[in-house]
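Novice: Pasting work_25.csv below, which is CSV, C-alpha atoms and all ligand atoms.
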chain,number,residue,atom,x,y,z
A,10,MET,CA,48.1,56.9,-71.3
A,11,THR,CA,48.1,53.3,-70.3
A,12,LYS,CA,45.2,51.2,-71.6
A,13,ASP,CA,42.9,49.8,-69.0
A,14,TYR,CA,42.3,46.3,-70.3
A,15,TYR,CA,40.1,45.4,-67.3
A,16,ARG,CA,37.8,48.3,-68.1
A,17,THR,CA,37.8,47.3,-71.8
A,18,LEU,CA,36.5,43.9,-70.9
A,19,GLY,CA,34.3,45.3,-68.0
A,20,VAL,CA,35.8,42.9,-65.5
A,21,ASP,CA,37.2,43.4,-62.0
A,22,ARG,CA,40.9,43.3,-61.5
A,23,SER,CA,40.5,40.2,-59.5
A,24,ALA,CA,38.6,38.4,-62.3
A,25,ASN,CA,39.7,34.8,-62.9
A,26,ALA,CA,40.3,33.3,-66.3
A,27,ASN,CA,36.7,32.1,-66.5
A,28,ASP,CA,35.3,35.6,-65.8
A,29,ILE,CA,37.6,37.1,-68.5
A,30,LYS,CA,36.6,34.4,-71.0
A,31,LYS,CA,32.9,35.1,-70.4
A,32,ALA,CA,33.3,38.9,-70.6
A,33,TYR,CA,35.3,38.5,-73.8
A,34,LYS,CA,32.8,36.1,-75.4
A,35,LYS,CA,29.9,38.5,-74.7
A,36,LEU,CA,31.7,41.6,-76.0
A,37,ALA,CA,33.3,39.9,-79.0
A,38,LYS,CA,29.8,38.7,-80.2
A,39,LYS,CA,28.4,42.2,-79.7
A,40,TYR,CA,31.1,44.0,-81.6
A,41,HIS,CA,32.2,41.5,-84.2
A,42,PRO,CA,32.3,43.5,-87.5
A,43,ASP,CA,30.4,40.7,-89.3
A,44,LEU,CA,27.6,41.1,-86.8
A,45,ASN,CA,27.7,44.8,-85.9
A,46,LYS,CA,27.7,47.3,-88.7
A,47,ASN,CA,28.3,50.3,-86.5
A,48,PRO,CA,31.5,52.0,-87.9
A,49,GLN,CA,33.0,52.1,-84.4
A,50,ALA,CA,32.4,48.4,-83.8
A,51,GLU,CA,35.6,47.3,-85.6
A,52,GLU,CA,37.8,49.5,-83.5
A,53,ARG,CA,36.1,48.4,-80.3
A,54,PHE,CA,36.4,44.8,-81.5
A,55,LYS,CA,40.2,45.2,-81.9
A,56,GLU,CA,40.5,46.7,-78.4
A,57,ILE,CA,38.5,43.8,-76.9
A,58,ASN,CA,40.8,41.3,-78.6
A,59,GLU,CA,43.9,43.2,-77.5
A,60,ALA,CA,42.6,43.3,-73.9
A,61,ALA,CA,41.7,39.6,-74.0
A,62,SER,CA,45.0,38.5,-75.5
A,63,ILE,CA,46.8,40.1,-72.6
A,64,LEU,CA,44.5,39.2,-69.7
A,65,ALA,CA,43.9,35.6,-70.8
A,66,ASP,CA,47.6,35.0,-70.8
A,67,GLU,CA,48.9,34.4,-67.3
A,68,LYS,CA,52.4,35.7,-68.0
A,69,LYS,CA,51.3,38.8,-70.0
A,70,ARG,CA,48.6,39.6,-67.4
A,71,ALA,CA,51.1,39.4,-64.6
A,72,GLN,CA,53.5,41.7,-66.5
A,73,TYR,CA,50.6,44.1,-67.3
A,74,ASP,CA,49.4,44.1,-63.7
A,75,ARG,CA,52.9,45.0,-62.4
A,76,PHE,CA,54.0,47.5,-65.0
A,77,GLY,CA,50.8,48.6,-66.7
A,78,THR,CA,52.1,47.4,-70.0
A,79,THR,CA,53.5,44.4,-71.7
A,80,ALA,CA,56.3,44.1,-74.1
A,81,GLU,CA,54.0,44.0,-77.1
A,82,GLY,CA,50.9,45.5,-75.4
A,83,HIS,CA,51.1,48.9,-77.0
A,84,GLY,CA,51.3,47.6,-80.6
A,85,ALA,CA,48.5,48.2,-83.0
A,86,GLY,CA,45.7,45.7,-83.2
A,87,GLY,CA,45.8,42.4,-81.5
A,88,ALA,CA,49.2,41.9,-79.8
A,89,GLY,CA,50.5,39.3,-82.1
A,90,PHE,CA,47.3,37.5,-82.9
A,91,ASP,CA,46.1,37.2,-86.4
A,92,PHE,CA,42.4,37.9,-86.5
A,93,SER,CA,42.0,37.6,-90.3
A,94,ASP,CA,40.7,34.1,-89.9
A,95,PHE,CA,38.3,35.1,-87.1
A,96,GLY,CA,35.1,33.5,-88.3
A,97,SER,CA,31.8,33.1,-86.6
A,98,ASP,CA,33.1,30.2,-84.6
A,99,PHE,CA,34.7,31.6,-81.5
A,100,GLY,CA,35.7,28.3,-80.1
A,101,GLU,CA,39.1,28.0,-81.5
A,102,ILE,CA,40.3,31.5,-80.5
A,103,PHE,CA,39.1,30.8,-77.0
A,104,GLU,CA,41.3,27.7,-76.9
A,105,ARG,CA,44.3,29.8,-78.1
A,106,PHE,CA,43.7,32.4,-75.4
A,107,PHE,CA,42.7,30.2,-72.6
A,108,ARG,CA,44.8,27.2,-73.0
A,109,GLY,CA,46.4,26.3,-69.7
A,110,GLY,CA,44.4,28.9,-67.9
A,111,PHE,CA,42.3,26.4,-65.9
A,112,ASP,CA,43.3,24.7,-62.8
A,113,PHE,CA,43.6,21.0,-63.6
A,114,GLY,CA,46.6,19.2,-62.3
A,115,GLN,CA,48.1,15.9,-63.1
A,116,ARG,CA,45.7,13.1,-63.8
A,117,GLY,CA,42.9,15.6,-64.2
A,118,GLN,CA,42.6,16.2,-60.4
A,119,ARG,CA,41.1,19.3,-59.1
A,120,VAL,CA,43.8,21.6,-57.9
A,121,ALA,CA,43.3,24.2,-55.2
A,122,ARG,CA,45.0,27.5,-55.9
A,123,GLY,CA,46.6,29.2,-52.9
A,124,ALA,CA,45.1,32.3,-51.5
A,125,ASP,CA,46.3,35.7,-52.6
A,126,LEU,CA,48.0,37.9,-50.0
A,127,GLU,CA,48.1,41.7,-49.7
A,128,THR,CA,50.5,44.0,-48.1
A,129,GLU,CA,51.6,47.6,-48.6
A,130,THR,CA,54.6,49.8,-48.9
A,131,GLU,CA,55.3,53.5,-49.0
A,132,ILE,CA,57.6,55.2,-51.4
A,133,THR,CA,58.8,58.8,-51.8
A,134,LEU,CA,58.3,61.1,-54.8
A,135,PRO,CA,62.0,60.8,-55.8
A,136,GLU,CA,61.6,57.0,-55.7
A,137,VAL,CA,58.6,57.4,-58.1
A,138,ALA,CA,60.9,59.4,-60.4
A,139,SER,CA,63.7,56.8,-60.4
A,140,GLY,CA,61.9,53.6,-59.7
A,141,ALA,CA,62.7,51.8,-56.5
A,142,GLU,CA,63.6,48.5,-54.9
A,143,LYS,CA,61.7,47.9,-51.7
A,144,ARG,CA,62.1,45.3,-49.1
A,145,VAL,CA,58.7,43.8,-48.1
A,146,THR,CA,58.5,41.5,-45.1
A,147,LEU,CA,55.5,39.3,-44.7
A,148,THR,CA,54.4,36.2,-42.9
A,149,LYS,CA,53.0,33.4,-45.1
A,150,ASP,CA,52.8,29.7,-45.4
A,151,GLU,CA,55.4,27.7,-47.3
A,152,ILE,CA,55.3,24.0,-48.3
A,153,CYS,CA,56.8,22.0,-45.4
A,154,ASP,CA,60.2,20.9,-46.5
A,155,THR,CA,60.3,17.9,-44.2
A,156,CYS,CA,57.4,16.1,-45.9
A,157,GLY,CA,57.5,18.0,-49.2
A,158,GLY,CA,53.9,19.2,-48.7
A,159,SER,CA,52.4,15.7,-48.4
A,160,GLY,CA,51.7,16.1,-44.7
A,161,ALA,CA,52.8,12.5,-44.2
A,162,LYS,CA,55.5,11.2,-41.9
A,163,SER,CA,56.9,9.0,-44.7
A,164,PRO,CA,55.9,8.2,-48.3
A,165,ALA,CA,54.4,4.9,-47.0
A,166,ASP,CA,51.9,6.9,-45.0
A,167,ILE,CA,50.3,8.3,-48.1
A,168,VAL,CA,47.4,6.1,-49.1
A,169,THR,CA,44.5,6.3,-51.5
A,170,CYS,CA,41.6,8.4,-50.1
A,171,PRO,CA,38.9,5.9,-48.9
A,172,ALA,CA,36.1,8.4,-49.4
A,173,CYS,CA,36.6,8.9,-53.2
A,174,GLY,CA,38.7,5.9,-54.1
A,175,GLY,CA,41.5,8.2,-55.3
A,176,SER,CA,39.5,10.1,-58.0
A,177,GLY,CA,39.2,13.3,-55.9
A,178,MET,CA,35.6,13.5,-56.9
A,179,VAL,CA,32.4,12.1,-55.4
A,180,ARG,CA,29.1,11.5,-57.1
A,181,HIS,CA,25.8,12.5,-55.6
A,182,THR,CA,22.6,11.1,-57.0
A,183,ARG,CA,19.3,12.9,-56.5
A,184,ARG,CA,15.8,11.6,-57.3
A,185,THR,CA,13.3,14.3,-58.4
A,186,PRO,CA,9.9,14.1,-60.1
A,187,LEU,CA,11.7,14.9,-63.3
A,188,GLY,CA,14.1,12.1,-63.1
A,189,VAL,CA,17.4,11.1,-61.5
A,190,PHE,CA,20.1,13.6,-61.5
A,191,SER,CA,23.6,12.9,-60.6
A,192,THR,CA,26.3,15.5,-60.0
A,193,THR,CA,29.9,15.2,-59.0
A,194,SER,CA,31.8,17.5,-56.7
A,195,GLY,CA,35.3,17.6,-55.2
A,196,CYS,CA,35.9,15.1,-52.4
A,197,ASN,CA,35.8,16.9,-49.0
A,198,ALA,CA,37.8,14.3,-47.2
A,199,CYS,CA,40.9,14.8,-49.4
A,200,TYR,CA,40.2,18.2,-50.9
A,201,GLY,CA,40.2,16.6,-54.3
A,202,GLN,CA,43.7,15.2,-53.9
A,203,GLY,CA,42.7,11.6,-54.0
A,204,ARG,CA,45.1,10.8,-51.2
A,205,ALA,CA,44.9,10.4,-47.4
A,206,VAL,CA,47.6,10.4,-44.8
A,207,LYS,CA,48.0,7.6,-42.2
A,208,GLN,CA,50.7,9.1,-40.0
A,209,LYS,CA,51.2,12.8,-40.0
A,210,CYS,CA,54.4,14.7,-40.6
A,211,GLU,CA,55.7,15.8,-37.1
A,212,ARG,CA,57.2,19.1,-38.3
A,213,CYS,CA,54.0,20.6,-39.8
A,214,ALA,CA,51.5,18.4,-37.8
A,215,GLY,CA,50.1,17.2,-41.2
A,216,ARG,CA,49.2,20.8,-42.2
A,217,ARG,CA,51.6,20.4,-45.2
A,218,VAL,CA,52.7,24.0,-44.7
A,219,ARG,CA,54.7,26.0,-42.2
A,220,SER,CA,54.4,29.6,-41.3
A,221,VAL,CA,57.5,31.6,-42.3
A,222,THR,CA,58.5,35.2,-42.3
A,223,LYS,CA,59.9,36.2,-45.7
A,224,THR,CA,61.5,39.3,-47.0
A,225,LEU,CA,61.2,40.0,-50.7
A,226,LEU,CA,63.0,42.6,-52.8
A,227,VAL,CA,60.3,44.2,-55.0
A,228,ARG,CA,61.0,46.4,-58.0
A,229,ILE,CA,58.6,49.3,-58.1
A,230,PRO,CA,58.5,50.8,-61.6
A,231,ALA,CA,59.2,54.5,-62.2
A,232,GLY,CA,56.1,56.6,-62.6
A,233,ILE,CA,53.9,54.4,-60.5
A,234,THR,CA,50.9,56.3,-59.0
A,235,ASP,CA,49.6,56.4,-55.4
A,236,GLY,CA,47.3,53.5,-54.7
A,237,SER,CA,48.6,51.3,-57.5
A,238,ARG,CA,49.2,47.7,-56.7
A,239,VAL,CA,52.1,45.6,-57.9
A,240,ARG,CA,51.3,41.9,-58.5
A,241,LEU,CA,53.9,39.3,-57.5
A,242,PRO,CA,52.8,36.1,-59.1
A,243,GLY,CA,53.2,33.0,-57.0
A,244,GLU,CA,54.2,34.9,-53.8
A,245,GLY,CA,50.9,34.2,-52.1
A,246,GLN,CA,49.9,31.2,-50.2
A,247,PRO,CA,50.9,27.8,-51.6
A,248,GLY,CA,48.4,25.8,-53.5
A,249,SER,CA,47.6,22.1,-53.2
A,250,GLN,CA,50.3,21.4,-55.8
A,251,PRO,CA,53.5,23.2,-56.7
A,252,GLY,CA,53.0,25.9,-59.3
A,253,PHE,CA,49.5,26.8,-58.0
A,254,SER,CA,50.5,29.4,-55.4
A,255,GLY,CA,48.4,32.5,-55.0
A,256,ASP,CA,49.7,36.0,-55.8
A,257,LEU,CA,50.9,38.7,-53.6
A,258,TYR,CA,49.5,42.2,-54.2
A,259,LEU,CA,51.6,45.0,-53.0
A,260,HIS,CA,49.7,48.3,-52.5
A,261,VAL,CA,52.0,51.2,-53.2
A,262,ARG,CA,51.4,54.5,-51.3
A,263,VAL,CA,53.3,57.6,-52.4
A,264,ALA,CA,54.2,59.8,-49.4
A,265,PRO,CA,53.4,63.5,-49.7
A,266,HIS,CA,56.3,65.7,-50.6
A,267,GLU,CA,57.2,68.9,-48.8
A,268,VAL,CA,57.6,70.9,-52.0
A,269,PHE,CA,56.0,69.2,-54.9
A,270,ARG,CA,52.5,68.1,-55.5
A,271,ARG,CA,51.7,65.6,-58.2
A,272,ARG,CA,49.1,66.0,-61.0
A,273,GLU,CA,49.4,62.9,-63.2
A,274,ASP,CA,53.0,63.0,-64.3
A,275,ASP,CA,53.4,66.7,-63.8
A,276,LEU,CA,54.9,68.2,-60.6
A,277,LEU,CA,53.5,71.4,-59.2
A,278,CYS,CA,55.3,73.8,-57.0
A,279,GLU,CA,55.0,77.4,-55.8
A,280,ILE,CA,57.9,79.8,-55.8
A,281,PRO,CA,57.6,82.9,-53.7
A,282,LEU,CA,59.0,86.1,-55.4
A,283,THR,CA,59.5,89.6,-54.1
A,284,PHE,CA,57.6,92.4,-55.7
A,285,VAL,CA,60.9,93.7,-57.0
A,286,GLN,CA,61.9,90.4,-58.7
A,287,ALA,CA,58.5,90.2,-60.3
A,288,ALA,CA,58.6,93.8,-61.5
A,289,LEU,CA,62.2,93.9,-62.8
A,290,GLY,CA,62.6,90.2,-63.8
A,291,ASP,CA,65.2,87.9,-62.4
A,292,GLU,CA,67.1,84.7,-63.0
A,293,ILE,CA,66.4,82.3,-60.1
A,294,GLU,CA,67.3,78.8,-59.1
A,295,ILE,CA,64.5,76.5,-58.3
A,296,PRO,CA,64.4,72.9,-56.9
A,297,THR,CA,63.6,70.0,-59.2
A,298,LEU,CA,63.6,66.3,-58.5
A,299,ASP,CA,67.0,66.2,-60.3
A,300,GLY,CA,68.5,69.0,-58.3
A,301,LYS,CA,68.6,72.7,-59.0
A,302,ALA,CA,67.5,74.3,-62.3
A,303,LYS,CA,67.6,77.9,-63.5
A,304,LEU,CA,64.3,79.7,-64.3
A,305,SER,CA,64.2,83.1,-65.8
A,306,ILE,CA,61.4,85.4,-64.6
A,307,PRO,CA,60.5,88.0,-67.2
A,308,THR,CA,60.0,91.6,-66.2
A,309,GLY,CA,56.4,92.4,-65.2
A,310,THR,CA,55.6,88.9,-64.1
A,311,GLN,CA,52.2,88.7,-62.2
A,312,SER,CA,51.4,86.7,-59.2
A,313,HIS,CA,50.1,83.1,-60.0
A,314,THR,CA,51.8,83.0,-63.4
A,315,VAL,CA,52.7,79.4,-64.2
A,316,PHE,CA,55.9,78.5,-65.9
A,317,LYS,CA,56.2,75.1,-67.5
A,318,MET,CA,59.6,73.3,-67.4
A,319,LYS,CA,59.4,70.4,-69.8
A,320,ASP,CA,60.8,67.0,-68.9
A,321,LYS,CA,61.2,68.0,-65.3
A,322,GLY,CA,58.2,66.0,-64.1
A,323,LEU,CA,57.8,62.3,-63.4
A,324,PRO,CA,58.5,59.5,-65.9
A,325,HIS,CA,55.5,58.0,-67.7
A,326,LEU,CA,54.8,54.6,-66.3
A,327,GLY,CA,56.0,51.9,-68.7
A,328,GLY,CA,56.5,54.4,-71.4
A,329,HIS,CA,58.9,56.9,-72.7
A,330,GLY,CA,59.4,60.5,-71.7
A,331,ARG,CA,58.2,62.3,-68.6
A,332,GLY,CA,55.9,65.1,-67.5
A,333,SER,CA,56.6,68.7,-66.8
A,334,GLN,CA,57.3,70.7,-63.7
A,335,LEU,CA,54.8,73.6,-63.4
A,336,VAL,CA,56.1,76.5,-61.3
A,337,ARG,CA,53.6,79.0,-60.0
A,338,THR,CA,54.8,82.3,-58.8
A,339,VAL,CA,53.4,83.8,-55.6
A,340,ILE,CA,54.3,87.4,-55.1
A,341,GLN,CA,55.0,88.2,-51.5
A,342,VAL,CA,54.2,91.5,-50.0
A,343,PRO,CA,56.5,92.5,-47.2
A,344,ARG,CA,54.8,92.5,-43.8
A,345,HIS,CA,57.4,94.6,-41.9
A,346,LEU,CA,59.1,97.6,-43.5
A,347,SER,CA,61.8,99.9,-42.1
A,348,ARG,CA,61.3,103.6,-42.1
A,349,GLU,CA,63.7,104.0,-45.0
A,350,GLN,CA,61.9,101.3,-47.0
A,351,LYS,CA,58.6,103.0,-46.4
A,352,GLU,CA,60.0,106.3,-47.6
A,353,LYS,CA,61.4,104.7,-50.8
A,354,LEU,CA,58.1,103.0,-51.5
A,355,ARG,CA,56.1,106.3,-51.0
A,356,GLU,CA,58.5,108.0,-53.5
A,357,PHE,CA,58.0,105.2,-55.9
A,358,GLU,CA,54.3,105.4,-55.5
A,359,LYS,CA,54.3,109.1,-56.4
A,360,LEU,CA,55.9,108.3,-59.7
A,361,ASP,CA,52.9,106.1,-60.6
A,362,ALA,CA,50.3,108.3,-62.3
A,363,GLU,CA,47.1,106.3,-61.7
A,364,LYS,CA,46.0,103.7,-59.3
A,365,PRO,CA,44.9,100.4,-61.0
A,366,TYR,CA,41.6,100.4,-59.3
A,367,ALA,CA,40.7,103.8,-60.7
A,368,SER,CA,39.7,102.2,-64.0
A,369,LEU,CA,37.0,100.3,-62.1
A,370,LEU,CA,35.5,103.5,-60.7
A,371,ARG,CA,35.6,105.0,-64.1
A,372,LYS,CA,33.8,102.1,-65.6
A,373,LEU,CA,30.9,102.7,-63.3
A,374,ARG,CA,31.2,106.5,-63.7
A,375,LEU,CA,32.0,107.0,-60.0
A,376,VAL,CA,34.8,109.4,-60.8
A,401,ZN,ZN,55.5,18.4,-43.0
A,402,ZN,ZN,39.0,11.8,-51.4
If you took the structure in this file and wrote it as structure tokens, what would it be?

Specialist:
Amino acid sequence: MTKDYYRTLGVDRSANANDIKKAYKKLAKKYHPDLNKNPQAEERFKEINEAASILADEKKRAQYDRFGTTAEGHGAGGAGFDFSDFGSDFGEIFERFFRGGFDFGQRGQRVARGADLETETEITLPEVASGAEKRVTLTKDEICDTCGGSGAKSPADIVTCPACGGSGMVRHTRRTPLGVFSTTSGCNACYGQGRAVKQKCERCAGRRVRSVTKTLLVRIPAGITDGSRVRLPGEGQPGSQPGFSGDLYLHVRVAPHEVFRRREDDLLCEIPLTFVQAALGDEIEIPTLDGKAKLSIPTGTQSHTVFKMKDKGLPHLGGHGRGSQLVRTVIQVPRHLSREQKEKLREFEKLDAEKPYASLLRKLRLV
């Protein structure tokens, strides 16, 4: 079973680095073995640390979001972190987890991250079994290649923002009965960039970006479940600086299959059998996702008996091995019989000493 690191930290899948940091800080304080003497606290503390070590790391989080696992994510304890020196001061460990997680660009400017995009694709059950590569076409913005994203006609047209003097921040001062408060916020004139444009780029009309239709080849991991989403880091809308693009979330639908139903990583199917096959036993061929497979039906098989075929199910996502195929027999009673068939069945019936329902009548002393 894949660990749900988001649930471990009690954060939403869309949580940003700050949300994760806050959730981690709260839980780590609650479950730190020095502070919490409950015997389960240490285990919980390890889980929290493991979850934070993955989700706080951009690369590992992206890998986890896409594949439900990370290269080292399944290891015991804290995924490569040494917690032996984990004292009551949490500051340092936060720094290790969260270094680089904040959006500050060159010269300390505020950087706007591009918006995330969403789209969806449908795959078949055999594609779930093998993993798939899907072409996904979407329309999005890309940095204008004429102006390089500056929005200016020429480099000489890029000037210092007059509203903030190039700092990207503006200061507001408020007088209140308690004193003078001053706050700073991002400059709205330049969106915190500290630059203004005199003459606009003609290609993008100063928008800095152009709308493009792009086709991506996306690898869908084997074993993925219906409704999962694959995260493609950096494939969303561009940010205000290179490297700050949003992400693309690809929602994956698994199309219903005409024979198999899925239950976790097991495949369920029903196989109709004749009464004679069930009574005498038979060796039959049944469909699997890998082709045909032989299944032996023992004599006296009842309707709705389930046979388990190991390793014929779907691969476990991001792990080893696969589920089973569960085959349920359904004994079919013939609807139309020829005169000869009817005679044979009556003969057969005469050989049977007692009707099965007679035992019920006997139980209630009705015979
Ligand atoms: Zn342009
Ligand atoms: Zn400005």

Novice: Within 6 Å of ligand ZN 401 (chain A) (counting all atoms listed in the file), which residues show up? I'd like them as a short mmCIF file (atom, residue, chain, number, x, y, z; two decimals) with C-alpha atoms, in the frame of the given file.

Specialist:
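The result, written out as out.cif:
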data_model
loop_
_atom_site.label_atom_id
_atom_site.label_comp_id
_atom_site.auth_asym_id
_atom_site.auth_seq_id
_atom_site.Cartn_x
_atom_site.Cartn_y
_atom_site.Cartn_z
CA CYS A 153 56.80 22.00 -45.40
CA THR A 155 60.30 17.90 -44.20
CA CYS A 156 57.40 16.10 -45.90
CA GLY A 158 53.90 19.20 -48.70
CA GLY A 160 51.70 16.10 -44.70
CA CYS A 210 54.40 14.70 -40.60
CA ARG A 212 57.20 19.10 -38.30
CA CYS A 213 54.00 20.60 -39.80
CA GLY A 215 50.10 17.20 -41.20
CA ARG A 217 51.60 20.40 -45.20
#

Novice: As an exercise, work out the distance from atom CA of A:Gln250 to atom CA of A:Gly157 in Å and give it to one decimal place.

Specialist: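 Computed distance, atom CA of A:Gln250 to atom CA of A:Gly157, equals 10.3 Å.
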
Novice: Hey, could you make a per-residue contact list for chain A against ligand ZN 402 (chain A) with 10 Å as the cut-off, showing the nearest pair of atoms and its distance in Å to one decimal, counting all atoms listed in the file, sorted by chain and number, as a Markdown table?

Specialist:
| residue | atom | partner | partner_atom | distance |
| --- | --- | --- | --- | --- |
| A:Thr169 | CA | A:ZN402 | ZN | 7.8 |
| A:Cys170 | CA | A:ZN402 | ZN | 4.5 |
| A:Pro171 | CA | A:ZN402 | ZN | 6.4 |
| A:Ala172 | CA | A:ZN402 | ZN | 4.9 |
| A:Cys173 | CA | A:ZN402 | ZN | 4.2 |
| A:Gly174 | CA | A:ZN402 | ZN | 6.5 |
| A:Gly175 | CA | A:ZN402 | ZN | 5.9 |
| A:Ser176 | CA | A:ZN402 | ZN | 6.8 |
| A:Gly177 | CA | A:ZN402 | ZN | 4.7 |
| A:Met178 | CA | A:ZN402 | ZN | 6.7 |
| A:Val179 | CA | A:ZN402 | ZN | 7.7 |
| A:Gly195 | CA | A:ZN402 | ZN | 7.9 |
| A:Cys196 | CA | A:ZN402 | ZN | 4.6 |
| A:Asn197 | CA | A:ZN402 | ZN | 6.5 |
| A:Ala198 | CA | A:ZN402 | ZN | 5.0 |
| A:Cys199 | CA | A:ZN402 | ZN | 4.1 |
| A:Tyr200 | CA | A:ZN402 | ZN | 6.5 |
| A:Gly201 | CA | A:ZN402 | ZN | 5.7 |
| A:Gln202 | CA | A:ZN402 | ZN | 6.3 |
| A:Gly203 | CA | A:ZN402 | ZN | 4.5 |
| A:Arg204 | CA | A:ZN402 | ZN | 6.2 |
| A:Ala205 | CA | A:ZN402 | ZN | 7.3 |

Novice: Quick check, in Å to one decimal: how far apart do atom CA of A:Thr128 and atom CA of A:Gly327 lie?

Specialist: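 That distance, rounded to one decimal, is 22.7 Å.
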
Novice: Which residue out of A:Ile152, A:Val168, A:Ile306, A:Leu282 has the minimum interatomic distance to A:Arg219 when only C-alpha atoms are used?

Specialist: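 Using only C-alpha atoms, the shortest distance to A:Arg219 belongs to A:Ile152.
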
Novice: May I ask which of the residues A:Glu273, A:Glu56, A:Thr146, A:Val268 is the closest one to A:Thr224, counting all atoms listed in the file?

Specialist: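 Looking only at the distances to A:Thr224, the closest residue turns out to be A:Thr146.
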
Novice: Up to 6 Å from (37.2, 46.1, -75.3) in the file's coordinates: name the residues, counting all atoms listed in the file, as a PyMOL selection string.

Specialist: chain A and resi 17-18+53+56-57

Novice: Please save C-alpha atoms of the selected residues as an mmCIF file, in the coordinates of the input.

Specialist:
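Final output, out_33.cif:
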data_model
loop_
_atom_site.group_PDB
_atom_site.id
_atom_site.type_symbol
_atom_site.label_atom_id
_atom_site.label_comp_id
_atom_site.auth_asym_id
_atom_site.auth_seq_id
_atom_site.Cartn_x
_atom_site.Cartn_y
_atom_site.Cartn_z
ATOM 1 C CA THR A 17 37.800 47.300 -71.800
ATOM 2 C CA LEU A 18 36.500 43.900 -70.900
ATOM 3 C CA ARG A 53 36.100 48.400 -80.300
ATOM 4 C CA GLU A 56 40.500 46.700 -78.400
ATOM 5 C CA ILE A 57 38.500 43.800 -76.900
#

Novice: How far is it from atom CA of A:Lys34 to atom CA of A:Glu51, in Å with one decimal?

Specialist: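 Interatomic distance, atom CA of A:Lys34 to atom CA of A:Glu51: 15.4 Å.
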
Novice: Of the candidates A:Ser347, A:Thr185, A:Thr310, A:Ser333, which one gets nearest to A:Arg271 if we count all atoms listed in the file?

Specialist: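 Among A:Ser347, A:Thr185, A:Thr310, A:Ser333, it is A:Ser333 that comes nearest to A:Arg271.
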
Novice: Tell me which of A:Asp291, A:Asp150, A:Asp28, A:Asp235 sits closest to A:Pro247, counting only C-alpha atoms.

Specialist: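 Under the stated criterion, the closest residue is A:Asp150.
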
Novice: Find the residue from A:Pro324, A:Pro186, A:Gly309, A:Gly245 that sits nearest to A:Gly290; use all atoms listed in the file when measuring.

Specialist: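 Of the candidates, the smallest distance to A:Gly290 is held by A:Gly309.
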
Novice: Is it possible to get the residues within 10 Å of (34.8, 45.3, -67.6) (coordinates as in the file, counting all atoms listed in the file) written as a compact mmCIF listing (two decimals) with C-alpha atoms, in the frame of the given file?

Specialist:
# COMPACT_ATOMS: atom_id res chain seq x y z
CA ASP A 13 42.90 49.80 -69.00
CA TYR A 14 42.30 46.30 -70.30
CA TYR A 15 40.10 45.40 -67.30
CA ARG A 16 37.80 48.30 -68.10
CA THR A 17 37.80 47.30 -71.80
CA LEU A 18 36.50 43.90 -70.90
CA GLY A 19 34.30 45.30 -68.00
CA VAL A 20 35.80 42.90 -65.50
CA ASP A 21 37.20 43.40 -62.00
CA ARG A 22 40.90 43.30 -61.50
CA ALA A 24 38.60 38.40 -62.30
CA ASP A 28 35.30 35.60 -65.80
CA ILE A 29 37.60 37.10 -68.50
CA ALA A 32 33.30 38.90 -70.60
CA TYR A 33 35.30 38.50 -73.80
CA LEU A 36 31.70 41.60 -76.00

Novice: Between A:Asn58, A:Ser254, A:Asn47, A:Thr192, which residue has the minimum interatomic distance to A:Leu241, considering all atoms listed in the file?

Specialist: A:Ser254
